[in-house]
$ cat entry.cif   # mmCIF, C-alpha atoms (C1' of nucleotides)
data_query
#
loop_
_atom_site.label_atom_id
_atom_site.label_comp_id
_atom_site.auth_asym_id
_atom_site.auth_seq_id
_atom_site.Cartn_x
_atom_site.Cartn_y
_atom_site.Cartn_z
CA MET D 1148 -107.84 -73.98 -25.38
CA THR D 1149 -108.46 -70.33 -26.21
CA LYS D 1150 -106.04 -68.20 -28.16
CA ILE D 1151 -107.01 -65.15 -26.12
CA ARG D 1152 -104.01 -63.52 -24.54
CA LEU D 1153 -104.40 -62.70 -20.87
CA ASP D 1154 -105.27 -59.05 -20.46
CA GLY D 1155 -104.58 -57.29 -17.18
CA ALA D 1156 -107.73 -55.22 -17.47
CA ALA D 1157 -109.91 -58.28 -18.03
CA LEU D 1158 -108.21 -60.06 -15.18
CA ALA D 1159 -108.70 -57.04 -12.93
CA GLY D 1160 -112.38 -56.92 -13.85
CA GLY D 1161 -112.83 -60.60 -13.18
CA LEU D 1162 -111.08 -60.47 -9.84
CA GLU D 1163 -113.00 -57.33 -8.91
CA ARG D 1164 -116.19 -59.29 -9.34
CA VAL D 1165 -114.82 -62.13 -7.26
CA VAL D 1166 -114.25 -59.73 -4.40
CA SER D 1167 -117.78 -58.47 -4.79
CA LEU D 1168 -119.07 -62.04 -4.76
CA LEU D 1169 -117.16 -63.05 -1.65
CA ARG D 1170 -118.14 -59.86 0.13
CA ARG D 1171 -121.75 -60.74 -0.45
CA LEU D 1172 -121.29 -64.35 0.59
CA ALA D 1173 -119.60 -63.18 3.78
CA ALA D 1174 -122.20 -60.51 4.48
CA GLY D 1175 -123.70 -62.38 7.42
CA ASP D 1176 -120.27 -62.95 8.93
CA ARG D 1177 -119.25 -61.21 12.12
CA ILE D 1178 -115.59 -61.38 11.13
CA SER D 1179 -113.99 -58.58 9.07
CA LEU D 1180 -111.86 -59.06 5.97
CA THR D 1181 -108.71 -57.89 7.75
CA THR D 1182 -109.37 -60.18 10.67
CA ALA D 1183 -110.02 -63.18 8.44
CA ASP D 1184 -107.00 -62.49 6.30
CA THR D 1185 -104.75 -62.12 9.35
CA LEU D 1186 -105.85 -65.53 10.60
CA ARG D 1187 -105.28 -66.94 7.13
CA THR D 1188 -101.78 -65.45 7.01
CA LEU D 1189 -100.91 -67.06 10.36
CA ASP D 1190 -102.38 -70.33 9.18
CA THR D 1191 -100.46 -70.54 5.94
CA GLY D 1192 -97.26 -68.77 6.98
CA GLY D 1193 -96.97 -69.76 10.62
CA PRO D 1194 -96.19 -67.50 13.61
CA CYS D 1195 -95.44 -63.91 12.71
CA ARG D 1196 -94.41 -60.72 14.43
CA ILE D 1197 -96.79 -57.79 14.87
CA SER D 1198 -94.92 -55.41 12.57
CA GLU D 1199 -94.78 -57.94 9.76
CA LEU D 1200 -98.48 -58.76 10.08
CA ALA D 1201 -99.25 -55.04 9.93
CA ALA D 1202 -97.20 -54.65 6.75
CA LEU D 1203 -98.79 -57.72 5.14
CA GLU D 1204 -102.32 -56.57 5.88
CA GLY D 1205 -101.64 -52.99 4.94
CA VAL D 1206 -102.55 -51.51 8.34
CA THR D 1207 -100.45 -49.59 10.86
CA GLN D 1208 -98.59 -51.22 13.72
CA PRO D 1209 -100.95 -49.82 16.40
CA ALA D 1210 -103.94 -51.11 14.45
CA MET D 1211 -102.39 -54.57 14.33
CA THR D 1212 -101.58 -54.43 18.04
CA GLN D 1213 -105.25 -53.84 18.73
CA LEU D 1214 -106.45 -56.46 16.27
CA VAL D 1215 -104.13 -59.02 17.86
CA SER D 1216 -105.40 -57.99 21.29
CA ARG D 1217 -108.97 -58.61 20.17
CA LEU D 1218 -108.06 -61.94 18.65
CA GLU D 1219 -106.15 -62.90 21.79
CA HIS D 1220 -109.12 -61.94 23.92
CA ASP D 1221 -111.26 -64.23 21.78
CA GLY D 1222 -108.72 -67.02 22.17
CA LEU D 1223 -107.94 -67.22 18.45
CA VAL D 1224 -104.25 -66.26 18.69
CA GLU D 1225 -101.54 -66.18 21.36
CA ARG D 1226 -98.74 -63.71 22.05
CA ARG D 1227 -95.36 -65.34 22.69
CA SER D 1228 -91.95 -63.80 23.19
CA HIS D 1229 -89.17 -64.17 20.67
CA PRO D 1230 -86.29 -66.29 22.03
CA ASP D 1231 -83.53 -64.02 20.73
CA ASP D 1232 -85.06 -60.55 20.95
CA ALA D 1233 -87.20 -59.56 23.92
CA ARG D 1234 -88.74 -56.65 22.04
CA VAL D 1235 -90.44 -58.89 19.51
CA VAL D 1236 -93.91 -60.37 19.96
CA MET D 1237 -94.59 -63.52 17.97
CA VAL D 1238 -98.26 -64.11 17.20
CA HIS D 1239 -99.33 -67.74 17.09
CA LEU D 1240 -102.61 -69.15 15.80
CA THR D 1241 -104.33 -71.23 18.49
CA ALA D 1242 -106.23 -74.44 17.87
CA ALA D 1243 -109.45 -72.49 18.35
CA GLY D 1244 -108.29 -69.96 15.77
CA ALA D 1245 -107.53 -72.69 13.27
CA GLU D 1246 -110.97 -74.17 13.89
CA ARG D 1247 -112.69 -70.84 13.39
CA LEU D 1248 -110.86 -70.37 10.11
CA GLN D 1249 -111.74 -73.89 9.04
CA ALA D 1250 -115.41 -73.39 9.84
CA ARG D 1251 -115.47 -70.20 7.82
CA ARG D 1252 -113.83 -71.95 4.91
CA GLU D 1253 -116.26 -74.84 5.02
CA ALA D 1254 -119.27 -72.54 5.07
CA ARG D 1255 -117.85 -70.69 2.09
CA ALA D 1256 -117.00 -73.94 0.33
CA ARG D 1257 -120.60 -75.14 0.67
CA LEU D 1258 -121.91 -71.95 -0.91
CA LEU D 1259 -119.38 -72.08 -3.71
CA ASP D 1260 -120.12 -75.75 -4.35
CA GLU D 1261 -123.73 -74.81 -4.75
CA LEU D 1262 -122.91 -71.96 -7.13
CA ALA D 1263 -120.45 -74.08 -9.10
CA GLY D 1264 -123.15 -76.69 -9.45
CA ARG D 1265 -125.05 -74.31 -11.69
CA LEU D 1266 -122.18 -73.97 -14.13
CA SER D 1267 -121.49 -76.16 -17.12
CA GLY D 1268 -118.94 -78.93 -16.83
CA ASP D 1269 -116.61 -76.96 -19.09
CA ASP D 1270 -116.81 -73.93 -16.83
CA ARG D 1271 -116.06 -76.02 -13.78
CA ASP D 1272 -113.07 -77.56 -15.52
CA ALA D 1273 -111.79 -74.13 -16.52
CA LEU D 1274 -112.01 -72.92 -12.93
CA ALA D 1275 -110.32 -76.03 -11.57
CA ALA D 1276 -107.54 -75.66 -14.13
CA ALA D 1277 -106.98 -72.02 -13.22
CA LEU D 1278 -106.60 -72.48 -9.47
CA PRO D 1279 -102.90 -73.43 -9.53
CA ALA D 1280 -102.18 -70.45 -11.75
CA LEU D 1281 -104.07 -68.22 -9.34
CA GLU D 1282 -101.94 -69.60 -6.55
CA ARG D 1283 -98.79 -68.68 -8.41
CA LEU D 1284 -100.13 -65.25 -9.28
CA VAL D 1285 -100.56 -64.52 -5.58
CA ALA D 1286 -97.13 -65.96 -4.86
CA ALA D 1287 -95.65 -63.60 -7.45
CA GLN D 1288 -97.03 -60.65 -5.51
CA THR D 1289 -95.77 -61.88 -2.17
CA THR D 1290 -92.29 -62.22 -3.62
CA TYR D 1291 -92.67 -58.85 -5.22
CA SER D 1292 -93.50 -56.67 -2.20
CA GLY D 1293 -91.35 -53.70 -1.36
CA SER D 1294 -91.76 -51.19 -4.13
CA THR D 1295 -95.55 -51.15 -4.15
CA THR D 1296 -95.56 -47.39 -4.09
CA THR D 1297 -98.77 -46.08 -5.59
CA MET K 490 -106.60 -80.55 -19.37
CA THR K 491 -106.81 -81.78 -15.81
CA LYS K 492 -109.15 -84.49 -14.64
CA ILE K 493 -109.47 -82.83 -11.25
CA ARG K 494 -113.07 -82.20 -10.30
CA LEU K 495 -113.77 -78.69 -9.05
CA ASP K 496 -113.83 -78.70 -5.28
CA GLY K 497 -115.66 -75.99 -3.38
CA ALA K 498 -113.02 -75.93 -0.66
CA ALA K 499 -110.18 -75.53 -3.14
CA LEU K 500 -112.11 -72.83 -4.96
CA ALA K 501 -112.82 -71.06 -1.67
CA GLY K 502 -109.14 -71.18 -0.76
CA GLY K 503 -108.11 -69.83 -4.13
CA LEU K 504 -110.61 -67.02 -4.07
CA GLU K 505 -109.67 -66.22 -0.48
CA ARG K 506 -106.13 -65.63 -1.64
CA VAL K 507 -107.34 -63.44 -4.48
CA VAL K 508 -109.07 -61.20 -1.99
CA SER K 509 -105.90 -61.06 0.04
CA LEU K 510 -103.93 -60.15 -3.07
CA LEU K 511 -106.28 -57.42 -4.17
CA ARG K 512 -106.48 -56.01 -0.65
CA ARG K 513 -102.71 -55.65 -0.67
CA LEU K 514 -102.63 -54.17 -4.15
CA ALA K 515 -105.24 -51.64 -3.08
CA ALA K 516 -103.52 -50.87 0.22
CA GLY K 517 -102.40 -47.42 -0.88
CA ASP K 518 -105.89 -46.58 -2.07
CA ARG K 519 -108.01 -44.02 -0.31
CA ILE K 520 -111.19 -45.71 -1.46
CA SER K 521 -112.78 -48.50 0.60
CA LEU K 522 -113.95 -51.85 -0.75
CA THR K 523 -117.61 -51.00 -0.20
CA THR K 524 -117.21 -47.65 -1.91
CA ALA K 525 -115.41 -49.14 -4.88
CA ASP K 526 -117.90 -51.94 -5.22
CA THR K 527 -120.84 -49.54 -5.06
CA LEU K 528 -119.38 -47.52 -7.92
CA ARG K 529 -118.78 -50.74 -9.82
CA THR K 530 -122.38 -51.83 -9.28
CA LEU K 531 -123.65 -48.51 -10.64
CA ASP K 532 -121.29 -48.78 -13.57
CA THR K 533 -122.28 -52.27 -14.63
CA GLY K 534 -125.94 -52.22 -13.59
CA GLY K 535 -126.86 -48.60 -14.19
CA PRO K 536 -128.82 -46.27 -11.85
CA CYS K 537 -130.07 -47.92 -8.71
CA ARG K 538 -132.16 -47.04 -5.67
CA ILE K 539 -130.63 -46.66 -2.21
CA SER K 540 -132.36 -49.64 -0.67
CA GLU K 541 -131.27 -51.94 -3.49
CA LEU K 542 -127.67 -50.73 -3.30
CA ALA K 543 -127.70 -51.36 0.44
CA ALA K 544 -128.96 -54.90 -0.08
CA LEU K 545 -126.42 -55.59 -2.83
CA GLU K 546 -123.49 -54.34 -0.76
CA GLY K 547 -124.66 -56.02 2.40
CA VAL K 548 -124.95 -52.82 4.45
CA THR K 549 -127.96 -51.17 6.09
CA GLN K 550 -130.07 -48.53 4.42
CA PRO K 551 -128.77 -45.70 6.67
CA ALA K 552 -125.19 -46.73 5.94
CA MET K 553 -125.89 -46.55 2.22
CA THR K 554 -127.59 -43.19 2.60
CA GLN K 555 -124.40 -41.87 4.15
CA LEU K 556 -122.11 -43.52 1.63
CA VAL K 557 -124.14 -42.04 -1.21
CA SER K 558 -123.98 -38.64 0.51
CA ARG K 559 -120.20 -38.88 0.67
CA LEU K 560 -119.99 -39.95 -2.96
CA GLU K 561 -122.36 -37.17 -3.96
CA HIS K 562 -120.26 -34.65 -2.04
CA ASP K 563 -117.22 -35.88 -3.98
CA GLY K 564 -119.13 -35.53 -7.24
CA LEU K 565 -118.93 -39.25 -8.08
CA VAL K 566 -122.68 -39.93 -8.03
CA GLU K 567 -125.91 -37.96 -8.30
CA ARG K 568 -129.25 -38.30 -6.55
CA ARG K 569 -132.24 -38.08 -8.88
CA SER K 570 -135.91 -38.59 -8.19
CA HIS K 571 -137.87 -41.53 -9.54
CA PRO K 572 -140.48 -40.44 -12.11
CA ASP K 573 -143.26 -42.68 -10.77
CA ASP K 574 -142.58 -42.77 -7.05
CA ALA K 575 -141.48 -39.66 -5.19
CA ARG K 576 -140.20 -41.67 -2.22
CA VAL K 577 -137.52 -43.33 -4.28
CA VAL K 578 -134.04 -41.90 -4.80
CA MET K 579 -132.23 -43.11 -7.89
CA VAL K 580 -128.45 -42.99 -7.64
CA HIS K 581 -126.63 -42.23 -10.88
CA LEU K 582 -122.92 -42.55 -11.57
CA THR K 583 -121.50 -39.25 -12.83
CA ALA K 584 -118.84 -38.89 -15.53
CA ALA K 585 -116.34 -38.12 -12.77
CA GLY K 586 -117.36 -41.28 -10.94
CA ALA K 587 -116.89 -43.37 -14.05
CA GLU K 588 -113.48 -41.82 -14.57
CA ARG K 589 -112.43 -42.52 -11.00
CA LEU K 590 -113.49 -46.13 -11.40
CA GLN K 591 -111.66 -46.39 -14.67
CA ALA K 592 -108.47 -44.95 -13.20
CA ARG K 593 -108.61 -47.43 -10.35
CA ARG K 594 -109.11 -50.28 -12.79
CA GLU K 595 -106.23 -49.21 -14.98
CA ALA K 596 -103.86 -48.93 -12.02
CA ARG K 597 -104.90 -52.38 -10.93
CA ALA K 598 -104.60 -53.73 -14.46
CA ARG K 599 -101.04 -52.49 -14.70
CA LEU K 600 -100.08 -54.25 -11.49
CA LEU K 601 -101.79 -57.45 -12.55
CA ASP K 602 -100.16 -57.31 -15.96
CA GLU K 603 -96.84 -57.11 -14.24
CA LEU K 604 -97.63 -60.03 -11.96
CA ALA K 605 -99.04 -62.10 -14.81
CA GLY K 606 -95.85 -61.44 -16.70
CA ARG K 607 -94.02 -63.61 -14.21
CA LEU K 608 -96.23 -66.61 -14.85
CA SER K 609 -95.68 -69.29 -17.45
CA GLY K 610 -97.60 -69.10 -20.70
CA ASP K 611 -99.67 -72.08 -19.62
CA ASP K 612 -100.65 -70.35 -16.41
CA ARG K 613 -101.67 -67.22 -18.28
CA ASP K 614 -103.75 -69.29 -20.66
CA ALA K 615 -105.42 -71.07 -17.77
CA LEU K 616 -106.36 -67.75 -16.18
CA ALA K 617 -107.64 -66.31 -19.43
CA ALA K 618 -109.72 -69.40 -20.02
CA ALA K 619 -111.24 -69.24 -16.55
CA LEU K 620 -112.40 -65.63 -16.67
CA PRO K 621 -115.69 -66.30 -18.49
CA ALA K 622 -116.45 -69.09 -16.04
CA LEU K 623 -115.71 -66.73 -13.15
CA GLU K 624 -118.11 -64.26 -14.71
CA ARG K 625 -120.85 -66.88 -14.81
CA LEU K 626 -120.09 -68.00 -11.26
CA VAL K 627 -120.72 -64.45 -10.05
CA ALA K 628 -123.86 -64.25 -12.17
CA ALA K 629 -125.13 -67.44 -10.55
CA GLN K 630 -124.89 -65.78 -7.16
CA THR K 631 -126.64 -62.62 -8.29
CA THR K 632 -129.52 -64.69 -9.58
CA TYR K 633 -129.48 -66.73 -6.41
CA SER K 634 -129.86 -64.00 -3.77
CA GLY K 635 -132.69 -64.09 -1.32
CA SER K 636 -132.24 -67.12 0.90
CA THR K 637 -128.66 -66.39 1.87
CA THR K 638 -129.53 -66.86 5.51
CA THR K 639 -126.41 -67.91 7.40
"C1'" DT L 1229 -150.79 -48.71 7.29
"C1'" DA L 1230 -146.59 -49.92 4.59
"C1'" DT L 1231 -142.58 -48.31 2.18
"C1'" DT L 1232 -138.47 -45.24 1.11
"C1'" DG L 1233 -135.22 -42.66 2.79
"C1'" DT L 1234 -133.04 -39.58 6.46
"C1'" DT L 1235 -131.47 -38.13 11.08
"C1'" DA L 1236 -129.66 -39.27 15.92
"C1'" DT L 1237 -126.72 -41.87 18.74
"C1'" DA L 1238 -123.43 -45.39 20.01
"C1'" DC L 1239 -119.88 -48.66 18.80
"C1'" DT L 1240 -116.02 -50.66 16.12
"C1'" DC L 1241 -111.92 -50.06 13.69
"C1'" DT L 1242 -108.16 -47.36 12.07
"C1'" DA L 1243 -104.56 -43.62 11.90
"C1'" DT L 1244 -101.23 -40.30 13.97
"C1'" DA L 1245 -98.57 -39.01 17.84
"C1'" DA L 1246 -96.47 -39.84 22.18
"C1'" DC L 1247 -94.57 -43.26 25.17
"C1'" DT L 1248 -92.00 -47.69 27.22
"C1'" DA L 1249 -88.73 -51.28 26.88
"C1'" DT L 1250 -85.04 -53.61 24.65
"C1'" DA L 1251 -80.96 -53.72 21.29
"C1'" DT I 530 -79.74 -43.86 19.01
"C1'" DA I 531 -82.75 -47.19 16.60
"C1'" DT I 532 -86.26 -50.72 16.80
"C1'" DA I 533 -90.65 -53.35 18.49
"C1'" DG I 534 -94.56 -52.72 20.50
"C1'" DT I 535 -98.17 -50.24 23.36
"C1'" DT I 536 -101.15 -46.44 24.90
"C1'" DA I 537 -103.87 -42.01 23.96
"C1'" DT I 538 -106.73 -39.43 21.18
"C1'" DA I 539 -109.33 -38.31 17.12
"C1'" DG I 540 -111.77 -39.46 12.83
"C1'" DA I 541 -114.14 -42.55 9.44
"C1'" DG I 542 -117.71 -45.90 8.79
"C1'" DT I 543 -121.39 -48.81 10.37
"C1'" DA I 544 -125.60 -50.44 13.00
"C1'" DT I 545 -129.93 -49.77 15.60
"C1'" DA I 546 -133.66 -46.84 16.68
"C1'" DA I 547 -136.56 -43.01 15.87
"C1'" DC I 548 -138.39 -39.92 12.44
"C1'" DA I 549 -140.50 -37.59 7.91
"C1'" DA I 550 -142.56 -38.03 3.53
"C1'" DT I 551 -145.03 -40.54 0.09
"C1'" DA I 552 -147.93 -44.60 -1.55
#
$ encode --input "entry.cif" --output "structure tokens"
Amino acid sequence: MTKIRLDGAALAGGLERVVSLLRRLAAGDRISLTTADTLRTLDTGGPCRISELAALEGVTQPAMTQLVSRLEHDGLVERRSHPDDARVVMVHLTAAGAERLQARREARARLLDELAGRLSGDDRDALAAALPALERLVAAQTTYSGSTTT
Amino acid sequence: MTKIRLDGAALAGGLERVVSLLRRLAAGDRISLTTADTLRTLDTGGPCRISELAALEGVTQPAMTQLVSRLEHDGLVERRSHPDDARVVMVHLTAAGAERLQARREARARLLDELAGRLSGDDRDALAAALPALERLVAAQTTYSGSTTT
DNA sequence: TATTGTTATACTCTATAACTATA
DNA sequence: TATAGTTATAGAGTATAACAATA
């Protein structure tokens, strides 16, 4: 299509704007980015221990303990014990949590559908074609983790 | 390329993951998302009044007053008076603020370059081709604003 | 009287440090 | 002794309400 080579700076700028966009779309939301992303992690990756969730979300273990406590209080997740190690707490997404996440996604999808409706057909095609690549870009980071020392 | 029609839900899911990715990349950062986005807004849109910044970032006017005070204390922005209306405070990005933003972008660009390096050439092309569309998607929202009542 | 911004106060969320329980 | 998680305390950031200055 284009001969333009992908430039990290351009990509960073584009993604930076995406964050800005989503922040504005989610402005009316009660739920914080960390909270939403934690639910998303549990949804896509399945049950997870506190320490691993903390590492994934880039917060401390105590902070994740409290976040999980809030989510548990709201009925969105459940604490369960690990069968082989009594020290470990496995966090499970509840049906209510999955529903909450789904509702949030649908609301966002409606807004994005509306925005996408203002684009040209070519633009929409370009976005649709890039989604799988975006998926793999994120996967590359997840695999990467470990030496993310700033 | 693909015949797949752009689906708001798929787009929402993809963008959701992008946020997750960038949050993790920025984990070591001192600077918050709101702070970074405020600097970005000033950089791309030029000087701006407090109330407008607050509306753009989805925070209250007092919160923006305090954020601007912190940024001013750090030398990243400057308060100047509006020539025609003495009530208005115009917030200007300083050279130091622009540098800080640039440094953050470059660090991010390096990481993204590294991640993109693990993708196939086709994937990189797809991302490069989608960036202008992404740009226009964000622009559509900016134009939109006003009736974003949840 | 309406608008722009600031100050006062309370609440949420997070980090660091100290602690408990299990391996 | 090391690991997983919790509790205690303090600090950053935000919201609501009350206020000051200008239009």
$ calpha_fit_and_write --input "entry.cif" --fixed "chain K" --moving "chain D" --output "compact mmCIF listing (two decimals) with C-alpha atoms, in the frame of the given file"
# COMPACT_ATOMS: atom_id res chain seq x y z
CA MET D 1148 -107.03 -80.44 -19.60
CA THR D 1149 -107.02 -81.71 -16.03
CA LYS D 1150 -109.29 -84.45 -14.79
CA ILE D 1151 -109.51 -82.78 -11.38
CA ARG D 1152 -113.08 -82.15 -10.37
CA LEU D 1153 -113.77 -78.67 -9.07
CA ASP D 1154 -113.82 -78.70 -5.29
CA GLY D 1155 -115.64 -75.97 -3.40
CA ALA D 1156 -113.03 -75.94 -0.67
CA ALA D 1157 -110.18 -75.52 -3.15
CA LEU D 1158 -112.10 -72.83 -4.95
CA ALA D 1159 -112.82 -71.06 -1.67
CA GLY D 1160 -109.13 -71.20 -0.76
CA GLY D 1161 -108.09 -69.85 -4.12
CA LEU D 1162 -110.58 -67.02 -4.05
CA GLU D 1163 -109.65 -66.24 -0.45
CA ARG D 1164 -106.11 -65.66 -1.61
CA VAL D 1165 -107.31 -63.47 -4.44
CA VAL D 1166 -109.05 -61.23 -1.95
CA SER D 1167 -105.88 -61.08 0.08
CA LEU D 1168 -103.91 -60.19 -3.04
CA LEU D 1169 -106.25 -57.43 -4.13
CA ARG D 1170 -106.43 -56.03 -0.61
CA ARG D 1171 -102.68 -55.70 -0.64
CA LEU D 1172 -102.60 -54.19 -4.12
CA ALA D 1173 -105.22 -51.66 -3.04
CA ALA D 1174 -103.49 -50.89 0.24
CA GLY D 1175 -102.39 -47.43 -0.86
CA ASP D 1176 -105.88 -46.60 -2.08
CA ARG D 1177 -107.98 -44.02 -0.29
CA ILE D 1178 -111.17 -45.71 -1.46
CA SER D 1179 -112.79 -48.49 0.61
CA LEU D 1180 -113.95 -51.85 -0.72
CA THR D 1181 -117.61 -50.98 -0.16
CA THR D 1182 -117.21 -47.65 -1.88
CA ALA D 1183 -115.42 -49.17 -4.86
CA ASP D 1184 -117.91 -51.97 -5.17
CA THR D 1185 -120.85 -49.56 -5.02
CA LEU D 1186 -119.39 -47.57 -7.90
CA ARG D 1187 -118.79 -50.80 -9.79
CA THR D 1188 -122.40 -51.89 -9.22
CA LEU D 1189 -123.69 -48.57 -10.61
CA ASP D 1190 -121.32 -48.86 -13.53
CA THR D 1191 -122.31 -52.35 -14.57
CA GLY D 1192 -125.96 -52.31 -13.53
CA GLY D 1193 -126.91 -48.70 -14.14
CA PRO D 1194 -128.85 -46.35 -11.82
CA CYS D 1195 -130.10 -47.97 -8.65
CA ARG D 1196 -132.17 -47.05 -5.63
CA ILE D 1197 -130.64 -46.62 -2.18
CA SER D 1198 -132.36 -49.62 -0.60
CA GLU D 1199 -131.28 -51.94 -3.39
CA LEU D 1200 -127.68 -50.72 -3.24
CA ALA D 1201 -127.70 -51.32 0.52
CA ALA D 1202 -128.96 -54.88 0.03
CA LEU D 1203 -126.41 -55.59 -2.72
CA GLU D 1204 -123.49 -54.33 -0.66
CA GLY D 1205 -124.67 -55.97 2.51
CA VAL D 1206 -124.94 -52.75 4.54
CA THR D 1207 -127.95 -51.08 6.16
CA GLN D 1208 -130.05 -48.44 4.46
CA PRO D 1209 -128.76 -45.60 6.69
CA ALA D 1210 -125.19 -46.64 5.96
CA MET D 1211 -125.89 -46.51 2.23
CA THR D 1212 -127.58 -43.12 2.59
CA GLN D 1213 -124.40 -41.79 4.13
CA LEU D 1214 -122.11 -43.48 1.62
CA VAL D 1215 -124.15 -42.00 -1.23
CA SER D 1216 -123.99 -38.60 0.46
CA ARG D 1217 -120.21 -38.84 0.60
CA LEU D 1218 -120.00 -39.94 -3.00
CA GLU D 1219 -122.36 -37.15 -4.03
CA HIS D 1220 -120.27 -34.64 -2.14
CA ASP D 1221 -117.24 -35.88 -4.07
CA GLY D 1222 -119.15 -35.57 -7.33
CA LEU D 1223 -118.95 -39.28 -8.13
CA VAL D 1224 -122.70 -39.98 -8.08
CA GLU D 1225 -125.93 -37.98 -8.37
CA ARG D 1226 -129.27 -38.31 -6.60
CA ARG D 1227 -132.28 -38.13 -8.92
CA SER D 1228 -135.96 -38.61 -8.21
CA HIS D 1229 -137.90 -41.56 -9.53
CA PRO D 1230 -140.51 -40.50 -12.12
CA ASP D 1231 -143.29 -42.70 -10.76
CA ASP D 1232 -142.63 -42.75 -7.02
CA ALA D 1233 -141.53 -39.60 -5.21
CA ARG D 1234 -140.24 -41.57 -2.24
CA VAL D 1235 -137.54 -43.29 -4.27
CA VAL D 1236 -134.05 -41.89 -4.79
CA MET D 1237 -132.26 -43.14 -7.89
CA VAL D 1238 -128.47 -43.02 -7.64
CA HIS D 1239 -126.66 -42.30 -10.89
CA LEU D 1240 -122.94 -42.63 -11.59
CA THR D 1241 -121.52 -39.33 -12.87
CA ALA D 1242 -118.89 -39.00 -15.57
CA ALA D 1243 -116.37 -38.19 -12.85
CA GLY D 1244 -117.39 -41.34 -10.99
CA ALA D 1245 -116.92 -43.46 -14.08
CA GLU D 1246 -113.50 -41.90 -14.60
CA ARG D 1247 -112.46 -42.57 -11.03
CA LEU D 1248 -113.50 -46.19 -11.39
CA GLN D 1249 -111.66 -46.46 -14.69
CA ALA D 1250 -108.49 -45.00 -13.22
CA ARG D 1251 -108.62 -47.47 -10.36
CA ARG D 1252 -109.10 -50.32 -12.77
CA GLU D 1253 -106.21 -49.23 -14.95
CA ALA D 1254 -103.86 -48.94 -11.99
CA ARG D 1255 -104.88 -52.41 -10.89
CA ALA D 1256 -104.57 -53.75 -14.43
CA ARG D 1257 -100.99 -52.47 -14.67
CA LEU D 1258 -100.04 -54.25 -11.45
CA LEU D 1259 -101.74 -57.46 -12.51
CA ASP D 1260 -100.10 -57.31 -15.94
CA GLU D 1261 -96.79 -57.10 -14.20
CA LEU D 1262 -97.59 -60.04 -11.92
CA ALA D 1263 -99.00 -62.10 -14.78
CA GLY D 1264 -95.80 -61.44 -16.68
CA ARG D 1265 -93.97 -63.60 -14.17
CA LEU D 1266 -96.17 -66.60 -14.82
CA SER D 1267 -95.64 -69.27 -17.43
CA GLY D 1268 -97.54 -69.06 -20.69
CA ASP D 1269 -99.61 -72.05 -19.62
CA ASP D 1270 -100.61 -70.33 -16.40
CA ARG D 1271 -101.62 -67.20 -18.25
CA ASP D 1272 -103.70 -69.25 -20.66
CA ALA D 1273 -105.40 -71.05 -17.78
CA LEU D 1274 -106.31 -67.74 -16.16
CA ALA D 1275 -107.58 -66.27 -19.41
CA ALA D 1276 -109.68 -69.38 -20.03
CA ALA D 1277 -111.20 -69.22 -16.55
CA LEU D 1278 -112.36 -65.61 -16.67
CA PRO D 1279 -115.65 -66.28 -18.49
CA ALA D 1280 -116.43 -69.06 -16.05
CA LEU D 1281 -115.70 -66.71 -13.17
CA GLU D 1282 -118.09 -64.24 -14.70
CA ARG D 1283 -120.82 -66.84 -14.80
CA LEU D 1284 -120.07 -67.97 -11.26
CA VAL D 1285 -120.71 -64.43 -10.04
CA ALA D 1286 -123.83 -64.21 -12.18
CA ALA D 1287 -125.10 -67.41 -10.56
CA GLN D 1288 -124.89 -65.74 -7.17
CA THR D 1289 -126.63 -62.58 -8.28
CA THR D 1290 -129.50 -64.65 -9.62
CA TYR D 1291 -129.47 -66.67 -6.47
CA SER D 1292 -129.88 -63.94 -3.82
CA GLY D 1293 -132.75 -64.07 -1.39
CA SER D 1294 -132.22 -67.07 0.81
CA THR D 1295 -128.64 -66.31 1.77
CA THR D 1296 -129.44 -66.87 5.40
CA THR D 1297 -126.31 -67.87 7.28
$ closest_atom_pairs --input "entry.cif" --of "stretch 1161-1208 of chain D" --to "stretch 505-529 of chain K" --cutoff "7 Å" --atoms "only C-alpha atoms" --output "JSON lines"
{"residue": "D:Val1166", "atom": "CA", "partner": "K:Val508", "partner_atom": "CA", "distance": 5.9}
{"residue": "D:Ser1167", "atom": "CA", "partner": "K:Asp526", "partner_atom": "CA", "distance": 6.5}
{"residue": "D:Asp1184", "atom": "CA", "partner": "K:Ser509", "partner_atom": "CA", "distance": 6.5}
{"residue": "D:Glu1204", "atom": "CA", "partner": "K:Arg513", "partner_atom": "CA", "distance": 6.6}
{"residue": "D:Gly1205", "atom": "CA", "partner": "K:Ala516", "partner_atom": "CA", "distance": 5.5}
$ interface_residues --input "entry.cif" --of "chain D" --to "chain K" --cutoff "6 Å" --atoms "all atoms listed in the file" --output "number ranges by chain"
D: 1153, 1155-1156, 1159, 1166, 1174, 1205, 1256, 1259-1260, 1270-1271, 1273-1275, 1277, 1280
$ atom_distance --input "entry.cif" --atom1 "atom CA of K:Leu565" --atom2 "atom CA of K:Ala585"
5.5 Å
$ residues_around --input "entry.cif" --residues "I:DT532" --least-positions-apart "2" --cutoff "10 Å" --atoms "only C-alpha atoms (C1' of nucleotides)" --output "list in words"
Arg1234 and Val1235 of chain D; DT1250 and DA1251 of chain L; DT530 and DG534 of chain I
$ write_last_selection --input "entry.cif" --atoms "C-alpha atoms (C1' of nucleotides)" --output "compact mmCIF listing (two decimals), in the coordinates of the input"
# COMPACT_ATOMS: atom_id res chain seq x y z
CA ARG D 1234 -88.74 -56.65 22.04
CA VAL D 1235 -90.44 -58.89 19.51
C1' DT L 1250 -85.04 -53.61 24.65
C1' DA L 1251 -80.96 -53.72 21.29
C1' DT I 530 -79.74 -43.86 19.01
C1' DG I 534 -94.56 -52.72 20.50
$ decode --input "entry.cif" --residues "stretch 537-541 of chain I" --atoms "C-alpha atoms (C1' of nucleotides)" --output "short mmCIF file (atom, residue, chain, number, x, y, z; two decimals), in the first residue's frame"
data_model
loop_
_atom_site.label_atom_id
_atom_site.label_comp_id
_atom_site.auth_asym_id
_atom_site.auth_seq_id
_atom_site.Cartn_x
_atom_site.Cartn_y
_atom_site.Cartn_z
"C1'" DA I 537 -0.34 0.70 58.92
"C1'" DT I 538 0.88 5.15 57.76
"C1'" DA I 539 1.94 8.93 54.74
"C1'" DG I 540 1.74 11.41 50.33
"C1'" DA I 541 -0.09 12.54 45.63
#
